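*Asks:* Once you've had a glance at the structure underneath, I'll fire off some questions.
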Amino acid sequence: YGTQNISKDGHLMIGGVDTVDLAKTYGTPLFIYDIELIRNRARGFINTFNKMGVKAEVAYASKAFSCIAIYQLAKQENLSLDVVSGGELYTAIKSGFPAERIHFHGNNKSYAELELAFDTKIGCIVVDNFYEIELLKEISEAKKQSMRILLRVTPGVEAHTHDFITTGQADSKFGFDLNNGQADEAFQKVVNHPYLQLLGLHCHIGSQIFETDGFSLAAGKLMKKISDWKEQFQFECTVLNLGGGFGIRYTEEDHPLEPKVYVEEMIKTVQENVKEYKLSMPEIWIEPGRSLVGDAGTSLYTIGSQKTVPNIREYIAVDGGMSDNIRPALYDAKYEATIANKAHEDRNFTYTVAGKLCESGDKLIIDAELQKADAGDLLAVFCTGAYGYSMASNYNRVPRPAVVFVESGDHQLAVQRESYEDLVVNDLPFSLNKVSVK
Ligand code: LLP
């Protein structure tokens with residue numbers, strides 16, 4: 001994984017930094033991000049478009065991991081940004097991210113969220129539904145302010161890992177159906193509006209996808225619609241946004257393609273369609289989340305108690321769990337791990353890694369092959385950079401971990417560990433003392 005290796009004394013190193021030292025400095029649980037790996041991934045996407053001579057925007061889907069420092073890194077790497085809530089938008093603006101490179105998503109954006117988008121002058125709103133069109137008309141007319149928009153459509157292609165399914169109608173809460181007239185109706189509603197500037201179409205077919213076929217199929221369907229609109233209404237879209245979803249390797253059972261392969265295939269499909277329908281080449285926008293930050297993140301825990309269930313399993317428990325990584329409990333997601341202070345030792349032991357939360361389902365890894373574990377050892381769980389910290393909760397009033405960035409032997413705190421004080425900061429004292437119990 002990225003810049004990871006093992007030091008002479010058997011310690012897991014990330015970005016030239018000893019993870020055992022990181023644990024001493026920052027405590028555990030700790031998220032460690034390998035910044036060089038994120039940079040390489042970002043540059044890989046951008047260079048692929050450049051090499052193939054295609055105008056593009058690579059927008060980091062920041063729901064995967066959102067904080068001020070990651071937005072500042074995204075800015076440095078010339079990424080655009082996909083935000084999905086007022087909170088992500090606020091964080092992005094706070095970080096100094098250029099507003100014109102922010103794209104705003106969501107299937108139920110509120111009036112206040114949309115106003116914030118106008119007031120901060122973001123680059124584009126990805127419009128999801130008819131209610132949102134009405135809100136956008138109202139706000140843009142009240143403010144006499146233009147906004148660039150994409151229409152999000154569901155092409156009837158859904159992809160999950162290896163498989164994709166195609167249906168005439170997509171049963172999705174997102175977007176305008178491409179196949180039943182909804183997308184055409186949305187087009188009619190926005191195309192001549194004085195303040196809404198339609199750039200093109202968006203679709204997102206799924207997440208953790210290992211094949212290119214779903215993307216090609218979806219791209220073909222959107223290009224056909226672009227061609228239809230050109231013929232019927234002499235309006236030609238200039239942007240085609242094909243979303244994110246490029247898969248990563250969590251365990252040796254996962255076989256994703258190289259990130260650039262997804263992009264190359266997309267570009268080829270779009271170019272073929274441009275030729276077939278005699279269109280101009282649109283800009284291609286993508287929204288990778290997991291594939292930018294997923295395998296760059298490692299969770300570091302301290303091992304505490306152990307329990308043997310005779311003839312069944314050995315448990316080791318760590319000082320975090322489903323509060324900092326809900327994915328095993330929620331999606332049955334699989335991870336690999338190593339004991340970071342014994343990374344050079346043989347893995348002759350099988351342990352089930354349990355979290356510390358009061359729930360039987362709080363297990364991070366079933367049957368992990370590990371070095372012999374003792375209390376006080378450090379467990380590194382790999383590939384937790386996407387949808388780990390961002391989906392963390394305070395269940396059981398467990399404070400959220402700290403996040404550190406490492407690169408070329410340097411390290412910095414990117415998000416402070418939550419304190420007990422932070423946990424009660426919004427709590428107010430009980431004050432309904434007039435109630436008498438009969
Ligand atoms: N664009 C849109 C419109 C999306 O809905 C998503 C993810 C992305 C881009 C980024 O997808 P990625 O490249 O990260 O696959 N919590 C789940 C994943 C939810 C993905 C939601 N949408 C998980 O932990 O696997």
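For the structure tokens, the naming scheme is as follows: chains receive sequential letters (A, B, ...) according to their order of presentation, residues are indexed from 1 within each chain, and ligands are indexed from 1 in presentation order.
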Counting only C-alpha atoms and all ligand atoms, name the residues that have an atom within 7 Å of an atom of ligand 1; the answer should be given as JSON, numbers by chain.

*Replies:* {"A": [61, 64, 105, 204, 206, 207, 208, 243, 244, 245, 246, 247, 287, 288, 289, 290, 291, 327, 386, 387]}

*Asks:* Can you list every residue in region 39-149 of chain A that DSSP puts in helix (DSSP H, G or I), as a ChimeraX atom specification?

*Replies:* /A:39-51,62-64,68-76,86-94,99-101,111-119,130-143

*Asks:* Tell me, as a ChimeraX atom specification, which residues lie within 10 Å of Ala375 (chain A), counting only C-alpha atoms; anything in the same chain fewer than 3 positions away does not count.

*Replies:* /A:302-306,316-318,378

*Asks:* Please produce a file of the residues just selected, as an mmCIF file, in the first residue's frame, where the atoms kept are N, CA and C atoms.

*Replies:*
```cif
data_model
loop_
_atom_site.group_PDB
_atom_site.id
_atom_site.type_symbol
_atom_site.label_atom_id
_atom_site.label_comp_id
_atom_site.auth_asym_id
_atom_site.auth_seq_id
_atom_site.Cartn_x
_atom_site.Cartn_y
_atom_site.Cartn_z
ATOM 1 N N THR A 302 -4.811 0.419 19.662
ATOM 2 C CA THR A 302 -4.074 -0.333 20.680
ATOM 3 C C THR A 302 -4.901 -1.558 21.060
ATOM 4 N N ILE A 303 -4.232 -2.693 21.105
ATOM 5 C CA ILE A 303 -4.901 -3.937 21.492
ATOM 6 C C ILE A 303 -4.973 -4.007 23.013
ATOM 7 N N GLY A 304 -6.133 -4.396 23.529
ATOM 8 C CA GLY A 304 -6.302 -4.522 24.976
ATOM 9 C C GLY A 304 -6.644 -5.949 25.356
ATOM 10 N N SER A 305 -7.915 -6.180 25.648
ATOM 11 C CA SER A 305 -8.309 -7.483 26.180
ATOM 12 C C SER A 305 -8.342 -8.559 25.098
ATOM 13 N N GLN A 306 -8.267 -9.793 25.559
ATOM 14 C CA GLN A 306 -8.400 -10.937 24.654
ATOM 15 C C GLN A 306 -9.396 -11.902 25.267
ATOM 16 N N ILE A 316 -9.412 -10.552 19.876
ATOM 17 C CA ILE A 316 -8.620 -9.464 20.459
ATOM 18 C C ILE A 316 -9.476 -8.214 20.333
ATOM 19 N N ALA A 317 -9.425 -7.366 21.343
ATOM 20 C CA ALA A 317 -10.250 -6.152 21.297
ATOM 21 C C ALA A 317 -9.353 -4.928 21.173
ATOM 22 N N VAL A 318 -9.806 -3.969 20.369
ATOM 23 C CA VAL A 318 -9.043 -2.734 20.181
ATOM 24 C C VAL A 318 -9.789 -1.541 20.792
ATOM 25 N N LEU A 378 0.098 -2.661 18.805
ATOM 26 C CA LEU A 378 -0.649 -1.735 17.934
ATOM 27 C C LEU A 378 -1.169 -2.483 16.715
#
```

*Asks:* Where does region 19-46 of chain A meet region 410-426 of chain A within 9 Å, residue by residue, with the nearest atom pair and distance in Å to one decimal for each, counting only C-alpha atoms, listed by chain and rising number, as a tab-separated table?

*Replies:*
```
residue	atom	partner	partner_atom	distance
A:Leu22	CA	A:His411	CA	8.4
A:Tyr26	CA	A:Leu413	CA	8.2
A:Gly27	CA	A:Arg417	CA	8.8
A:Pro29	CA	A:Arg417	CA	8.9
A:Leu30	CA	A:Arg417	CA	8.4
```

*Asks:* Which residue gives the smallest distance to Leu242 (chain A) among A:Ala56, A:Ile286, A:Val403, A:Leu279, with only C-alpha atoms counted?

*Replies:*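 Ranked by minimum distance to Leu242 (chain A), first place goes to A:Ile286.
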
*Asks:* When you look at Thr308 (chain A) with a cut-off of 12 Å (counting only C-alpha atoms), what residues show up, excluding the ones that are within fewer than 3 positions of it in the same chain? I need them as JSON, numbers by chain.

*Replies:* {"A": [305, 311, 312, 313, 314, 315, 316, 317, 350, 351, 352]}

*Asks:* Which residues of region 284-323 of chain A come within 10 Å of region 390-396 of chain A, and for each one, what is the closest pair of atoms and their distance in Å to one decimal, counting only C-alpha atoms, sorted by chain and residue number, as JSON lines?

*Replies:*
```
{"residue": "A:Gly321", "atom": "CA", "partner": "A:Ala392", "partner_atom": "CA", "distance": 9.6}
{"residue": "A:Met322", "atom": "CA", "partner": "A:Ala392", "partner_atom": "CA", "distance": 7.7}
{"residue": "A:Ser323", "atom": "CA", "partner": "A:Ser393", "partner_atom": "CA", "distance": 5.0}
```

*Asks:* Keeping only C-alpha atoms, write the selected residues as a PDB file, in the first residue's frame.

*Replies:*
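So the final result, stored in selection24.pdb, reads:
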```
ATOM      1  CA  GLY A 321     -14.392  -0.074  16.503  1.00  0.00           C
ATOM      2  CA  MET A 322     -17.714   0.637  14.839  1.00  0.00           C
ATOM      3  CA  SER A 323     -17.637   4.223  16.094  1.00  0.00           C
TER       4      SER A 323
END
```

*Asks:* Report as number ranges by chain: the residues of region 24-256 of chain A with a DSSP assignment of strand (DSSP E or B), based on the backbone of this structure.

*Replies:* A: 30-34, 56-61, 80-83, 102-104, 124-127, 147-154, 157-161, 163-166, 176-177, 196-202, 209, 239-241, 246

*Asks:* Would you work out the distance separating CA of Asp34 (chain A) from CA of Thr212 (chain A), expressed in Å to one decimal?

*Replies:* 26.9 Å

*Asks:* Go through A:Ala218, A:Val191, A:Ile32, A:Leu151 and flag the residue nearest Pro401 (chain A), using only C-alpha atoms for the distances.

*Replies:*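 Checking each candidate against Pro401 (chain A), we get A:Ile32 as the closest.
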
*Asks:* My list of candidates is A:Ala112, A:Ala402, A:Val127, A:Met266. Which is closest to Gly200 (chain A) when distances are computed with only C-alpha atoms?

*Replies:*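 The shortest atom-to-atom distance to Gly200 (chain A) comes from A:Val127.
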
*Asks:* Show which residues sit within 12 Å of Glu113 (chain A), as a ChimeraX atom specification. Count only C-alpha atoms, and ignore same-chain residues fewer than 2 positions away.

*Replies:* /A:83-90,104-111,115-120,122,125,132,135-136,139

*Asks:* Kindly export the residues of the current selection with N, CA and C atoms, as a PDB file, in the first residue's frame.

*Replies:*
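Contents of selection.pdb, as written:
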```pdb
ATOM      1  N   VAL A  83     -19.209  18.394  -3.052  1.00  0.00           N
ATOM      2  CA  VAL A  83     -19.758  18.448  -1.694  1.00  0.00           C
ATOM      3  C   VAL A  83     -21.224  18.062  -1.745  1.00  0.00           C
ATOM      4  N   VAL A  84     -21.733  17.509  -0.656  1.00  0.00           N
ATOM      5  CA  VAL A  84     -23.096  16.977  -0.664  1.00  0.00           C
ATOM      6  C   VAL A  84     -23.972  17.533   0.459  1.00  0.00           C
ATOM      7  N   SER A  85     -23.475  18.566   1.121  1.00  0.00           N
ATOM      8  CA  SER A  85     -24.276  19.137   2.210  1.00  0.00           C
ATOM      9  C   SER A  85     -23.764  20.535   2.513  1.00  0.00           C
ATOM     10  N   GLY A  86     -24.591  21.287   3.225  1.00  0.00           N
ATOM     11  CA  GLY A  86     -24.145  22.593   3.677  1.00  0.00           C
ATOM     12  C   GLY A  86     -22.883  22.488   4.527  1.00  0.00           C
ATOM     13  N   GLY A  87     -22.787  21.413   5.297  1.00  0.00           N
ATOM     14  CA  GLY A  87     -21.630  21.226   6.174  1.00  0.00           C
ATOM     15  C   GLY A  87     -20.340  21.024   5.394  1.00  0.00           C
ATOM     16  N   GLU A  88     -20.403  20.187   4.369  1.00  0.00           N
ATOM     17  CA  GLU A  88     -19.200  20.005   3.536  1.00  0.00           C
ATOM     18  C   GLU A  88     -18.875  21.286   2.780  1.00  0.00           C
ATOM     19  N   LEU A  89     -19.905  21.968   2.300  1.00  0.00           N
ATOM     20  CA  LEU A  89     -19.672  23.223   1.571  1.00  0.00           C
ATOM     21  C   LEU A  89     -19.030  24.257   2.487  1.00  0.00           C
ATOM     22  N   TYR A  90     -19.559  24.370   3.701  1.00  0.00           N
ATOM     23  CA  TYR A  90     -19.021  25.323   4.670  1.00  0.00           C
ATOM     24  C   TYR A  90     -17.544  25.020   4.956  1.00  0.00           C
ATOM     25  N   PHE A 104     -21.986  20.970  -6.153  1.00  0.00           N
ATOM     26  CA  PHE A 104     -22.864  20.660  -5.019  1.00  0.00           C
ATOM     27  C   PHE A 104     -23.900  19.608  -5.420  1.00  0.00           C
ATOM     28  N   HIS A 105     -23.896  18.500  -4.696  1.00  0.00           N
ATOM     29  CA  HIS A 105     -24.771  17.369  -4.932  1.00  0.00           C
ATOM     30  C   HIS A 105     -25.790  17.218  -3.827  1.00  0.00           C
ATOM     31  N   GLY A 106     -26.797  16.387  -4.058  1.00  0.00           N
ATOM     32  CA  GLY A 106     -27.700  16.004  -2.978  1.00  0.00           C
ATOM     33  C   GLY A 106     -29.123  15.903  -3.493  1.00  0.00           C
ATOM     34  N   ASN A 107     -29.899  14.985  -2.915  1.00  0.00           N
ATOM     35  CA  ASN A 107     -31.257  14.756  -3.396  1.00  0.00           C
ATOM     36  C   ASN A 107     -32.291  15.548  -2.605  1.00  0.00           C
ATOM     37  N   ASN A 108     -31.843  16.289  -1.600  1.00  0.00           N
ATOM     38  CA  ASN A 108     -32.798  17.120  -0.858  1.00  0.00           C
ATOM     39  C   ASN A 108     -32.087  18.325  -0.275  1.00  0.00           C
ATOM     40  N   LYS A 109     -31.476  19.081  -1.171  1.00  0.00           N
ATOM     41  CA  LYS A 109     -30.777  20.289  -0.728  1.00  0.00           C
ATOM     42  C   LYS A 109     -31.825  21.276  -0.211  1.00  0.00           C
ATOM     43  N   SER A 110     -31.530  21.880   0.917  1.00  0.00           N
ATOM     44  CA  SER A 110     -32.502  22.810   1.491  1.00  0.00           C
ATOM     45  C   SER A 110     -32.352  24.190   0.857  1.00  0.00           C
ATOM     46  N   TYR A 111     -33.355  25.027   1.079  1.00  0.00           N
ATOM     47  CA  TYR A 111     -33.312  26.417   0.608  1.00  0.00           C
ATOM     48  C   TYR A 111     -32.044  27.095   1.137  1.00  0.00           C
ATOM     49  N   GLU A 115     -28.993  28.597  -0.967  1.00  0.00           N
ATOM     50  CA  GLU A 115     -28.610  30.017  -0.820  1.00  0.00           C
ATOM     51  C   GLU A 115     -27.123  30.150  -0.513  1.00  0.00           C
ATOM     52  N   LEU A 116     -26.624  29.273   0.356  1.00  0.00           N
ATOM     53  CA  LEU A 116     -25.198  29.297   0.690  1.00  0.00           C
ATOM     54  C   LEU A 116     -24.372  29.059  -0.579  1.00  0.00           C
ATOM     55  N   ALA A 117     -24.855  28.166  -1.438  1.00  0.00           N
ATOM     56  CA  ALA A 117     -24.150  27.886  -2.689  1.00  0.00           C
ATOM     57  C   ALA A 117     -24.096  29.132  -3.573  1.00  0.00           C
ATOM     58  N   PHE A 118     -25.208  29.872  -3.628  1.00  0.00           N
ATOM     59  CA  PHE A 118     -25.229  31.119  -4.417  1.00  0.00           C
ATOM     60  C   PHE A 118     -24.330  32.164  -3.775  1.00  0.00           C
ATOM     61  N   ASP A 119     -24.465  32.318  -2.453  1.00  0.00           N
ATOM     62  CA  ASP A 119     -23.721  33.378  -1.769  1.00  0.00           C
ATOM     63  C   ASP A 119     -22.214  33.150  -1.841  1.00  0.00           C
ATOM     64  N   THR A 120     -21.813  31.888  -1.832  1.00  0.00           N
ATOM     65  CA  THR A 120     -20.375  31.605  -1.897  1.00  0.00           C
ATOM     66  C   THR A 120     -19.916  31.472  -3.350  1.00  0.00           C
ATOM     67  N   ILE A 122     -20.408  29.155  -5.831  1.00  0.00           N
ATOM     68  CA  ILE A 122     -19.760  27.904  -6.229  1.00  0.00           C
ATOM     69  C   ILE A 122     -19.901  27.683  -7.738  1.00  0.00           C
ATOM     70  N   ILE A 125     -24.087  23.468  -9.545  1.00  0.00           N
ATOM     71  CA  ILE A 125     -25.005  22.667  -8.733  1.00  0.00           C
ATOM     72  C   ILE A 125     -25.484  21.497  -9.581  1.00  0.00           C
ATOM     73  N   GLU A 132     -36.139  20.872  -6.538  1.00  0.00           N
ATOM     74  CA  GLU A 132     -34.907  21.662  -6.523  1.00  0.00           C
ATOM     75  C   GLU A 132     -34.895  22.677  -7.671  1.00  0.00           C
ATOM     76  N   LEU A 135     -36.804  25.606  -6.452  1.00  0.00           N
ATOM     77  CA  LEU A 135     -36.029  26.382  -5.470  1.00  0.00           C
ATOM     78  C   LEU A 135     -34.947  27.202  -6.173  1.00  0.00           C
ATOM     79  N   LEU A 136     -34.287  26.588  -7.135  1.00  0.00           N
ATOM     80  CA  LEU A 136     -33.196  27.277  -7.840  1.00  0.00           C
ATOM     81  C   LEU A 136     -33.718  28.478  -8.628  1.00  0.00           C
ATOM     82  N   ILE A 139     -34.512  31.223  -6.006  1.00  0.00           N
ATOM     83  CA  ILE A 139     -33.324  31.859  -5.410  1.00  0.00           C
ATOM     84  C   ILE A 139     -32.570  32.685  -6.450  1.00  0.00           C
TER      85      ILE A 139
END
```

*Asks:* Could you check how far CA of Cys67 (chain A) sits from CA of Gly96 (chain A), in Å to one decimal?

*Replies:*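 Value for the CA of Cys67 (chain A)-CA of Gly96 (chain A) distance: 11.9 Å.
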
*Asks:* Ranking A:Asp427, A:Asp128, A:Glu77, A:Glu141 by minimum distance to Ala59 (chain A) and counting only C-alpha atoms, which one comes first?

*Replies:*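 Checking each of A:Asp427, A:Asp128, A:Glu77, A:Glu141 against Ala59 (chain A), counting only C-alpha atoms, the winner is A:Glu77.
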
*Asks:* Could I get the residues of region 208-297 of chain A with an atom no further than 12 Å from an atom of region 168-182 of chain A, each paired with its nearest atom pair and that distance in Å to one decimal, using only C-alpha atoms, sorted by chain and residue number, as a tab-separated table?

*Replies:*
```
residue	atom	partner	partner_atom	distance
A:Ala218	CA	A:Leu178	CA	10.4
A:Lys221	CA	A:Leu178	CA	8.4
A:Leu222	CA	A:Leu178	CA	8.1
A:Met223	CA	A:Leu178	CA	11.3
A:Lys224	CA	A:Leu178	CA	10.4
A:Lys225	CA	A:Leu178	CA	8.0
A:Ile226	CA	A:Leu178	CA	11.0
A:Asp228	CA	A:Leu178	CA	11.9
```

*Asks:* Just the selected residues (C-alpha atoms), exported as a PDB file, in the first residue's frame, please.

*Replies:*
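Result file is part04.pdb:
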```pdb
ATOM      1  CA  ALA A 218     -23.914   4.745 -18.930  1.00  0.00           C
ATOM      2  CA  LYS A 221     -26.854   6.387 -22.817  1.00  0.00           C
ATOM      3  CA  LEU A 222     -26.083   9.950 -21.725  1.00  0.00           C
ATOM      4  CA  MET A 223     -24.421  10.756 -25.056  1.00  0.00           C
ATOM      5  CA  LYS A 224     -27.506   9.492 -26.874  1.00  0.00           C
ATOM      6  CA  LYS A 225     -29.644  11.890 -24.843  1.00  0.00           C
ATOM      7  CA  ILE A 226     -27.235  14.745 -25.567  1.00  0.00           C
ATOM      8  CA  ASP A 228     -31.371  13.786 -29.080  1.00  0.00           C
TER       9      ASP A 228
END
```

*Asks:* Grab the CA of Lys356 (chain A) to CA of Asp377 (chain A) distance for me, in Å with one decimal place.

*Replies:*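 Computing the Euclidean distance for CA of Lys356 (chain A) and CA of Asp377 (chain A) yields 15.5 Å.
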
*Asks:* Hey, what's within 6 Å of Val381 (chain A) if we count only C-alpha atoms and toss same-chain stuff fewer than 6 positions away? As a list in words, please?

*Replies:*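 Non-adjacent residues within range: Thr298, Ser299, Glu336 and Ala337 of chain A.
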
*Asks:* Of the residues A:Val17, A:Ile70, A:Leu217, A:Leu428, which is the one nearest to Glu158 (chain A), using only C-alpha atoms?

*Replies:*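 Of A:Val17, A:Ile70, A:Leu217, A:Leu428, the one nearest Glu158 (chain A) is A:Leu217, counting only C-alpha atoms.
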